[in-house]
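Coordinates from query.cif are shown below (mmCIF, C-alpha atoms and all ligand atoms).
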```cif
data_my_file
loop_
_atom_site.label_atom_id
_atom_site.label_comp_id
_atom_site.auth_asym_id
_atom_site.auth_seq_id
_atom_site.Cartn_x
_atom_site.Cartn_y
_atom_site.Cartn_z
CA MET A 1 0.00 0.00 0.00
CA ARG A 2 1.51 3.40 -0.97
CA GLN A 3 2.42 5.70 1.87
CA GLN A 4 -0.06 8.43 2.79
CA ARG A 5 0.68 11.92 1.51
CA VAL A 6 0.17 14.38 4.35
CA VAL A 7 -0.02 18.20 4.39
CA VAL A 8 0.50 19.81 7.81
CA LEU A 9 -0.32 23.52 8.41
CA THR A 10 0.96 25.12 11.63
CA GLY A 11 0.22 28.44 13.32
CA ALA A 12 1.33 30.38 16.38
CA GLY A 13 -0.20 27.81 18.73
CA ILE A 14 2.55 25.26 17.99
CA SER A 15 5.19 27.71 19.27
CA ALA A 16 3.19 28.95 22.29
CA GLU A 17 4.66 26.37 24.69
CA SER A 18 8.15 27.43 23.59
CA GLY A 19 7.36 30.86 25.03
CA LEU A 20 6.50 32.75 21.81
CA ALA A 21 3.34 34.84 22.10
CA THR A 22 0.48 33.93 19.78
CA PHE A 23 -1.46 36.71 18.06
CA ARG A 24 -4.96 36.60 19.40
CA ASP A 25 -4.72 34.77 22.74
CA ALA A 26 -4.64 36.73 26.01
CA GLY A 27 -1.34 38.64 26.19
CA GLY A 28 -0.95 37.98 22.46
CA LEU A 29 0.98 40.16 20.01
CA TRP A 30 -2.09 41.89 18.68
CA GLU A 31 -3.03 42.98 22.22
CA GLY A 32 -0.03 45.31 22.31
CA HIS A 33 -0.02 46.16 18.61
CA ASP A 34 -2.68 46.80 16.00
CA PRO A 35 -1.76 44.50 13.06
CA MET A 36 -2.84 47.21 10.64
CA VAL A 37 -0.26 49.52 12.29
CA VAL A 38 2.70 47.15 12.35
CA ALA A 39 2.05 44.40 9.75
CA THR A 40 1.12 46.19 6.49
CA PRO A 41 3.25 47.77 3.72
CA GLU A 42 1.39 51.04 4.36
CA ALA A 43 2.43 50.97 8.04
CA PHE A 44 6.04 50.39 7.00
CA ALA A 45 5.88 53.35 4.60
CA ASP A 46 4.30 55.56 7.31
CA ASP A 47 6.61 54.65 10.22
CA PRO A 48 9.44 52.25 9.27
CA ASP A 49 11.15 52.53 12.68
CA LEU A 50 8.00 51.42 14.54
CA VAL A 51 7.65 48.36 12.27
CA GLN A 52 11.39 47.54 12.33
CA ARG A 53 11.38 47.74 16.16
CA PHE A 54 8.36 45.37 16.31
CA TYR A 55 10.20 42.74 14.25
CA ASP A 56 13.64 43.40 15.81
CA GLU A 57 12.09 42.59 19.24
CA ARG A 58 10.56 39.36 17.92
CA ARG A 59 13.82 38.41 16.14
CA ALA A 60 15.81 38.98 19.34
CA ALA A 61 13.27 36.90 21.33
CA LEU A 62 13.97 33.91 19.06
CA GLY A 63 17.36 33.55 20.74
CA GLN A 64 15.64 32.96 24.11
CA VAL A 65 13.38 30.07 23.07
CA GLN A 66 13.74 26.41 22.03
CA PRO A 67 11.66 24.07 19.86
CA ASN A 68 9.18 21.92 21.83
CA ALA A 69 7.92 18.33 21.64
CA ALA A 70 5.39 19.24 18.93
CA HIS A 71 8.08 20.66 16.63
CA ARG A 72 10.28 17.60 17.31
CA ALA A 73 7.43 15.18 16.56
CA LEU A 74 6.91 16.80 13.12
CA ALA A 75 10.66 16.52 12.44
CA ARG A 76 10.40 12.80 13.27
CA LEU A 77 7.41 12.51 10.92
CA GLU A 78 9.49 14.08 8.12
CA ASP A 79 12.18 11.44 8.72
CA GLU A 80 9.57 8.69 8.29
CA LEU A 81 7.45 10.11 5.46
CA GLY A 82 10.15 11.96 3.55
CA THR A 83 8.60 13.94 0.65
CA ASN A 84 5.18 12.47 1.47
CA LEU A 85 5.05 15.14 4.18
CA TYR A 86 4.48 18.75 3.10
CA LEU A 87 4.95 21.10 6.08
CA VAL A 88 3.62 24.65 5.58
CA THR A 89 3.69 27.19 8.40
CA GLN A 90 2.22 30.64 8.99
CA ASN A 91 4.93 31.14 11.62
CA ILE A 92 7.93 33.34 10.93
CA ASP A 93 10.01 31.73 13.72
CA ASP A 94 12.64 29.06 12.94
CA LEU A 95 11.61 26.49 15.54
CA HIS A 96 10.59 23.84 12.97
CA GLU A 97 14.07 23.98 11.42
CA ARG A 98 15.79 24.00 14.83
CA ALA A 99 13.77 20.88 15.74
CA GLY A 100 15.20 19.14 12.66
CA SER A 101 12.60 19.70 9.91
CA SER A 102 14.49 20.34 6.65
CA ARG A 103 11.58 21.13 4.30
CA VAL A 104 9.54 23.93 5.91
CA HIS A 105 7.45 26.22 3.70
CA HIS A 106 7.11 29.62 5.40
CA MET A 107 4.08 31.03 3.57
CA HIS A 108 4.28 34.26 5.66
CA GLY A 109 8.07 34.62 5.51
CA ARG A 110 10.84 34.38 8.12
CA LEU A 111 12.05 36.62 10.93
CA ARG A 112 15.71 35.63 10.39
CA ALA A 113 15.74 36.96 6.82
CA ALA A 114 15.92 40.46 5.34
CA TRP A 115 14.68 41.51 1.92
CA CYS A 116 16.20 44.42 -0.04
CA THR A 117 13.47 46.39 -1.80
CA SER A 118 16.08 47.91 -4.18
CA CYS A 119 17.85 44.85 -5.61
CA GLY A 120 15.28 42.24 -4.47
CA GLU A 121 17.92 40.05 -2.82
CA ARG A 122 17.07 38.15 0.38
CA HIS A 123 19.67 37.62 3.12
CA GLU A 124 19.86 35.45 6.25
CA TRP A 125 19.60 38.05 9.03
CA THR A 126 19.88 37.78 12.83
CA SER A 127 20.66 41.37 13.92
CA PRO A 128 18.35 44.42 14.16
CA LEU A 129 17.16 46.17 10.99
CA ILE A 130 16.50 49.50 12.73
CA GLY A 131 19.26 52.00 11.82
CA GLU A 132 19.04 51.00 8.14
CA PRO A 133 22.03 48.66 7.74
CA PRO A 134 23.23 48.47 4.07
CA CYS A 135 22.12 45.61 1.83
CA PRO A 136 25.05 43.11 1.55
CA SER A 137 24.41 42.91 -2.24
CA CYS A 138 23.72 46.50 -3.36
CA THR A 139 24.61 48.56 -0.22
CA SER A 140 21.22 50.36 -0.38
CA ALA A 141 19.69 51.14 3.03
CA THR A 142 16.41 49.52 1.94
CA LEU A 143 16.19 46.28 3.91
CA ARG A 144 12.83 45.17 5.31
CA PRO A 145 11.83 42.05 7.32
CA ASP A 146 11.22 39.16 4.86
CA VAL A 147 7.69 38.64 6.16
CA VAL A 148 4.34 38.72 4.30
CA TRP A 149 2.22 41.58 5.56
CA PHE A 150 -1.58 41.96 5.31
CA GLY A 151 -2.46 42.78 1.71
CA GLU A 152 0.64 41.03 0.37
CA VAL A 153 0.61 37.71 -1.51
CA PRO A 154 1.82 34.77 0.59
CA TYR A 155 4.83 32.69 -0.59
CA ASP A 156 4.70 29.28 -2.27
CA MET A 157 0.93 29.48 -2.96
CA HIS A 158 1.19 27.43 -6.17
CA ALA A 159 3.21 24.61 -4.54
CA ILE A 160 0.90 24.67 -1.50
CA HIS A 161 -2.20 24.25 -3.67
CA GLU A 162 -0.51 21.40 -5.57
CA ALA A 163 0.34 19.65 -2.30
CA LEU A 164 -3.22 20.13 -0.99
CA TRP A 165 -4.60 18.76 -4.24
CA ALA A 166 -2.43 15.62 -4.07
CA CYS A 167 -2.64 14.80 -0.35
CA ASP A 168 -4.64 12.09 1.46
CA LEU A 169 -4.67 13.86 4.81
CA PHE A 170 -4.66 17.57 5.81
CA VAL A 171 -3.78 18.41 9.43
CA SER A 172 -4.05 21.91 10.97
CA ILE A 173 -2.13 22.58 14.22
CA GLY A 174 -2.32 25.64 16.53
CA THR A 175 -4.11 28.13 14.32
CA SER A 176 -7.27 30.22 14.85
CA GLY A 177 -8.29 29.97 11.19
CA LEU A 178 -8.93 33.70 10.94
CA VAL A 179 -6.29 34.69 8.38
CA TYR A 180 -6.66 33.91 4.66
CA PRO A 181 -5.63 32.22 2.43
CA ALA A 182 -4.33 29.75 5.11
CA ALA A 183 -7.80 29.56 6.69
CA ALA A 184 -9.19 28.31 3.36
CA PHE A 185 -6.84 25.31 3.03
CA VAL A 186 -9.27 23.00 4.88
CA HIS A 187 -12.01 23.83 2.38
CA TYR A 188 -9.60 23.21 -0.48
CA ALA A 189 -8.68 19.82 0.97
CA ILE A 190 -12.30 18.82 1.64
CA GLY A 191 -13.21 19.86 -1.91
CA ASN A 192 -10.62 17.33 -3.03
CA GLY A 193 -12.12 14.56 -0.87
CA THR A 194 -9.16 14.64 1.54
CA ARG A 195 -9.49 13.61 5.21
CA THR A 196 -9.00 16.60 7.53
CA LEU A 197 -7.89 16.77 11.19
CA GLU A 198 -7.46 19.77 13.53
CA LEU A 199 -5.21 19.74 16.64
CA ASN A 200 -5.86 22.92 18.64
CA LEU A 201 -6.15 24.19 22.23
CA ASP A 202 -9.45 26.00 21.59
CA ALA A 203 -12.15 25.81 18.94
CA SER A 204 -11.02 27.73 15.85
CA ASP A 205 -13.05 29.61 13.26
CA GLY A 206 -13.00 26.51 11.05
CA SER A 207 -13.28 23.69 13.61
CA SER A 208 -16.72 22.57 12.43
CA ASP A 209 -15.36 22.16 8.89
CA PHE A 210 -12.85 19.45 9.88
CA HIS A 211 -13.75 15.74 9.82
CA GLU A 212 -12.16 15.52 13.29
CA SER A 213 -11.00 18.20 15.77
CA ARG A 214 -8.99 17.33 18.90
CA ARG A 215 -8.54 19.76 21.82
CA GLY A 216 -5.40 20.08 23.85
CA ARG A 217 -1.83 21.35 23.93
CA ALA A 218 0.32 20.83 20.86
CA THR A 219 3.10 19.23 22.93
CA GLU A 220 0.65 16.45 23.88
CA LEU A 221 -1.59 16.18 20.81
CA VAL A 222 1.09 16.26 18.09
CA PRO A 223 3.46 13.52 19.38
CA ALA A 224 0.41 11.29 20.09
CA TRP A 225 -0.97 11.86 16.58
CA VAL A 226 2.46 11.19 14.96
CA ASP A 227 2.79 7.91 16.91
CA GLU A 228 -0.72 6.92 15.83
CA LEU A 229 -0.04 7.74 12.14
CA LEU A 230 3.30 5.88 12.07
CA ASP A 231 1.88 2.83 13.89
CA ARG A 232 -0.94 2.61 11.34
C1 LIG B 301 -3.73 38.07 0.89
C2 LIG B 301 3.37 37.55 9.14
C3 LIG B 301 -4.22 38.16 -1.48
C4 LIG B 301 3.71 38.78 9.87
C5 LIG B 301 0.93 37.35 8.97
C6 LIG B 301 -11.81 39.84 4.72
C7 LIG B 301 -12.21 38.52 4.68
C8 LIG B 301 -11.26 37.52 4.37
C9 LIG B 301 -9.90 37.83 4.12
C10 LIG B 301 -9.53 39.15 4.17
C11 LIG B 301 -10.46 40.14 4.46
N1 LIG B 301 -9.82 41.31 4.45
C12 LIG B 301 -8.49 41.09 4.15
C13 LIG B 301 -8.32 39.79 3.98
C14 LIG B 301 -7.10 39.13 3.64
C15 LIG B 301 -6.16 39.04 4.87
C16 LIG B 301 -6.88 38.39 6.02
O1 LIG B 301 -7.07 37.19 6.05
N2 LIG B 301 -7.27 39.24 7.00
C17 LIG B 301 -7.99 38.70 8.19
C18 LIG B 301 -7.50 39.41 9.43
C19 LIG B 301 -9.48 38.84 7.96
N3 LIG B 301 -5.09 38.19 4.40
C20 LIG B 301 -4.04 38.79 3.78
O2 LIG B 301 -3.88 39.99 3.65
C21 LIG B 301 -3.03 37.82 3.19
N4 LIG B 301 -2.76 38.16 1.82
O3 LIG B 301 -4.88 37.74 1.15
O4 LIG B 301 -3.26 38.35 -0.39
C22 LIG B 301 -4.06 36.74 -1.95
C23 LIG B 301 -4.83 35.70 -1.42
C24 LIG B 301 -4.71 34.40 -1.93
C25 LIG B 301 -3.79 34.10 -2.90
C26 LIG B 301 -3.03 35.17 -3.41
C27 LIG B 301 -3.17 36.48 -2.91
C28 LIG B 301 -1.69 37.88 3.95
C29 LIG B 301 -1.89 37.46 5.36
C30 LIG B 301 -0.52 37.32 6.04
C31 LIG B 301 -0.31 38.39 7.11
N5 LIG B 301 0.90 38.08 7.87
N6 LIG B 301 2.09 37.03 9.62
C32 LIG B 301 3.83 38.58 11.35
O5 LIG B 301 3.88 37.42 11.82
O6 LIG B 301 3.91 39.62 12.02
S1 LIG B 301 -0.58 36.73 9.56
C33 LIG B 301 -0.24 36.21 11.18
O7 LIG B 301 -1.50 36.16 11.80
C34 LIG B 301 0.32 34.81 11.29
O8 LIG B 301 1.28 34.49 10.32
C35 LIG B 301 -0.93 33.96 11.15
O9 LIG B 301 -1.23 33.73 9.81
C36 LIG B 301 -1.98 34.84 11.73
C37 LIG B 301 -2.19 34.47 13.14
O10 LIG B 301 -2.91 33.38 13.20
P1 LIG B 301 -2.49 32.08 14.07
O11 LIG B 301 -1.10 31.65 13.71
O12 LIG B 301 -3.60 31.14 13.90
O13 LIG B 301 -2.39 32.64 15.60
P2 LIG B 301 -3.60 33.08 16.56
O14 LIG B 301 -2.98 33.74 17.71
O15 LIG B 301 -4.67 33.75 15.80
O16 LIG B 301 -4.25 31.66 17.04
C38 LIG B 301 -3.45 30.78 17.80
C39 LIG B 301 -4.26 29.49 17.89
O17 LIG B 301 -3.45 28.52 18.56
C40 LIG B 301 -5.57 29.63 18.68
O18 LIG B 301 -6.61 28.97 17.96
C41 LIG B 301 -5.28 28.90 20.00
O19 LIG B 301 -6.40 28.18 20.46
C42 LIG B 301 -4.20 27.90 19.58
N7 LIG B 301 -3.25 27.60 20.67
C43 LIG B 301 -2.72 28.46 21.59
N8 LIG B 301 -1.85 27.79 22.40
C44 LIG B 301 -1.82 26.49 21.95
C45 LIG B 301 -2.71 26.37 20.84
N9 LIG B 301 -2.92 25.20 20.19
C46 LIG B 301 -2.23 24.11 20.64
N10 LIG B 301 -1.34 24.15 21.70
C47 LIG B 301 -1.13 25.31 22.38
N11 LIG B 301 -0.29 25.33 23.42
#
```
Output the structure of this file as structure tokens.
Ligand code: BV8
Amino acid sequence: MRQQRVVVLTGAGISAESGLATFRDAGGLWEGHDPMVVATPEAFADDPDLVQRFYDERRAALGQVQPNAAHRALARLEDELGTNLYLVTQNIDDLHERAGSSRVHHMHGRLRAAWCTSCGERHEWTSPLIGEPPCPSCTSATLRPDVVWFGEVPYDMHAIHEALWACDLFVSIGTSGLVYPAAAFVHYAIGNGTRTLELNLDASDGSSDFHESRRGRATELVPAWVDELLDR
């Protein structure tokens, strides 16, 4: 019997137990910041320092946290399924990679990358962007965080749709299902007759659309689900 093809979508909830704030939960990022003021190209044009500071703080915080058991379980699943696992994340942290996942599709970009809006080059980046450091390729002082802001087109959309079209199982982990197009993936999968499973602490905006929805912490639900899938 051929191996199952699985698409896994993750959101901020998978990194919550590593100490990274989610967006909408109590004490979440959007409590202190209006997303339309810090996560849009217009906001960056209006007040680049405010936006750079917001992402510099989050980039610096990455150094204080570690991947958790949920990230590690997905890395183990990649070892077993190989290219039959397609891991797409809305997260801009690098905890999937630090847990050992080698093929991670960051549809909303990455904190540890800078994008030059003059020459278009992208660069691995770990230090602050405030103060307008020069682009390593063209020396222009036009580097921005390599993240997808509201109103911008997410990355890898074509490959993501292909993977959703071809998969046998779609699993959503730690996301509130409020931001599109990620929130529409479950509908895409169901339209293709794919089995769908949600692993989330609370009910999400799309919970009722999934064939099955399990409640709990990612560090418990994800390793248990991976064991179950690999035993089967
Ligand atoms: C686009 C990067 C065109 C930056 C982000 C009206 C209706 C529908 C859509 C729209 C609309 N008006 C505008 C839109 C489009 C807009 C959108 O969806 N807006 C929403 C607010 C209505 N979308 C866009 O603009 C997108 N671009 O549409 O372009 C297009 C479309 C298709 C194809 C081509 C072109 C771009 C959106 C990307 C914005 N950038 N992030 C940054 O990080 O700062 S979005 C950001 O917010 C995250 O990346 C993520 O996507 C989203 C947050 O959601 P979650 O990750 O789910 O986090 P949240 O806190 O909400 O929830 C956490 C969940 O975890 C909870 O459910 C909780 O229960 C659970 N949890 C907590 N702890 C745990 C846990 N689960 C398990 N264990 C735990 N321990």
message: Using all atoms listed in the file, which protein or nucleic acid residues come within 7 Å of His105 (chain A)? Drop anything in the same chain fewer than 3 positions from it, and give the result as an MDAnalysis selection string.
response: chainID A and resid 87:89
- request: Could you give me, as JSON, numbers by chain, every polymer residue with an atom at most 6 Å away from an atom of ligand LIG 301 (chain B), counting all atoms listed in the file?
  value: {"A": [11, 12, 13, 14, 16, 17, 22, 23, 24, 25, 39, 90, 91, 92, 108, 147, 148, 149, 150, 151, 152, 153, 154, 174, 175, 176, 177, 178, 179, 180, 181, 200, 201, 202, 204, 217, 218]}
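The space separating CA of Leu111 (chain A) from CA of Val222 (chain A) comes to 24.2 Å.
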Point-to-point distance from CA of Leu74 (chain A) to CA of Glu220 (chain A), Å rounded to tenths: 12.5 Å
message: Considering all atoms listed in the file, can you say which of A:Asp156, A:Glu80, A:Val51, A:Cys116 comes closest to Cys138 (chain A)?
response: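 Among the listed residues, A:Cys116 lies closest to Cys138 (chain A).
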- prompt: For His106 (chain A), which of A:Val171, A:Leu85, A:Met36, A:Leu9 is the closest residue, counting only C-alpha atoms?
  reply: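 Of A:Val171, A:Leu85, A:Met36, A:Leu9, the one nearest His106 (chain A) is A:Leu9, counting only C-alpha atoms.
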message: Using only C-alpha atoms and a cutoff of 12 Å, can you tell me which residues are near (20.5, 45.9, 13.4) in the file's coordinates, and write them out as a list in words?
response: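 Selection result: Asp49, Gln52, Arg53, Tyr55, Asp56, Glu57, Arg59, Ala60, Arg112, Ala114, Trp125, Thr126, Ser127, Pro128, Leu129, Ile130, Gly131, Glu132, Pro133, Pro134, Cys135, Ala141, Leu143, Arg144 and Pro145 of chain A.
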message: To one decimal place in Å, what is the distance between CA of Pro223 (chain A) and CA of Ile160 (chain A)?
response: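 Rounded to one decimal, the two atoms are 23.8 Å apart.
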- prompt: With all atoms listed in the file as the basis for distance, which of A:Arg5, A:Arg122, A:Arg58, A:Arg214 is at the shortest distance from Leu81 (chain A)?
  reply: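 Under the stated criterion, the closest residue is A:Arg5.
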- prompt: Residues at most 8 Å from Val6 (chain A), counting only C-alpha atoms, excluding those fewer than 2 positions away in the same chain, as a VMD selection string?
  reply: chain A and resid 4 8 84 to 86 167 to 171
Generate a file of the selected residues that holds C-alpha atoms, formatted as a CSV table (one decimal), in the coordinates of the input.
```csv
chain,number,residue,atom,x,y,z
A,4,GLN,CA,-0.1,8.4,2.8
A,8,VAL,CA,0.5,19.8,7.8
A,84,ASN,CA,5.2,12.5,1.5
A,85,LEU,CA,5.0,15.1,4.2
A,86,TYR,CA,4.5,18.8,3.1
A,167,CYS,CA,-2.6,14.8,-0.4
A,168,ASP,CA,-4.6,12.1,1.5
A,169,LEU,CA,-4.7,13.9,4.8
A,170,PHE,CA,-4.7,17.6,5.8
A,171,VAL,CA,-3.8,18.4,9.4
```
So which residues touch Val186 (chain A) within 12 Å, counting all atoms listed in the file, skipping near sequence neighbours fewer than 6 positions away, as a CSV table (one decimal) with C-alpha atoms, keeping the file's coordinate frame?
```csv
chain,number,residue,atom,x,y,z
A,7,VAL,CA,0.0,18.2,4.4
A,8,VAL,CA,0.5,19.8,7.8
A,9,LEU,CA,-0.3,23.5,8.4
A,161,HIS,CA,-2.2,24.2,-3.7
A,164,LEU,CA,-3.2,20.1,-1.0
A,165,TRP,CA,-4.6,18.8,-4.2
A,167,CYS,CA,-2.6,14.8,-0.4
A,169,LEU,CA,-4.7,13.9,4.8
A,170,PHE,CA,-4.7,17.6,5.8
A,171,VAL,CA,-3.8,18.4,9.4
A,172,SER,CA,-4.0,21.9,11.0
A,173,ILE,CA,-2.1,22.6,14.2
A,175,THR,CA,-4.1,28.1,14.3
A,177,GLY,CA,-8.3,30.0,11.2
A,180,TYR,CA,-6.7,33.9,4.7
A,192,ASN,CA,-10.6,17.3,-3.0
A,193,GLY,CA,-12.1,14.6,-0.9
A,194,THR,CA,-9.2,14.6,1.5
A,195,ARG,CA,-9.5,13.6,5.2
A,196,THR,CA,-9.0,16.6,7.5
A,197,LEU,CA,-7.9,16.8,11.2
A,198,GLU,CA,-7.5,19.8,13.5
A,205,ASP,CA,-13.0,29.6,13.3
A,206,GLY,CA,-13.0,26.5,11.0
A,207,SER,CA,-13.3,23.7,13.6
A,208,SER,CA,-16.7,22.6,12.4
A,209,ASP,CA,-15.4,22.2,8.9
A,210,PHE,CA,-12.8,19.4,9.9
A,211,HIS,CA,-13.8,15.7,9.8
A,212,GLU,CA,-12.2,15.5,13.3
```
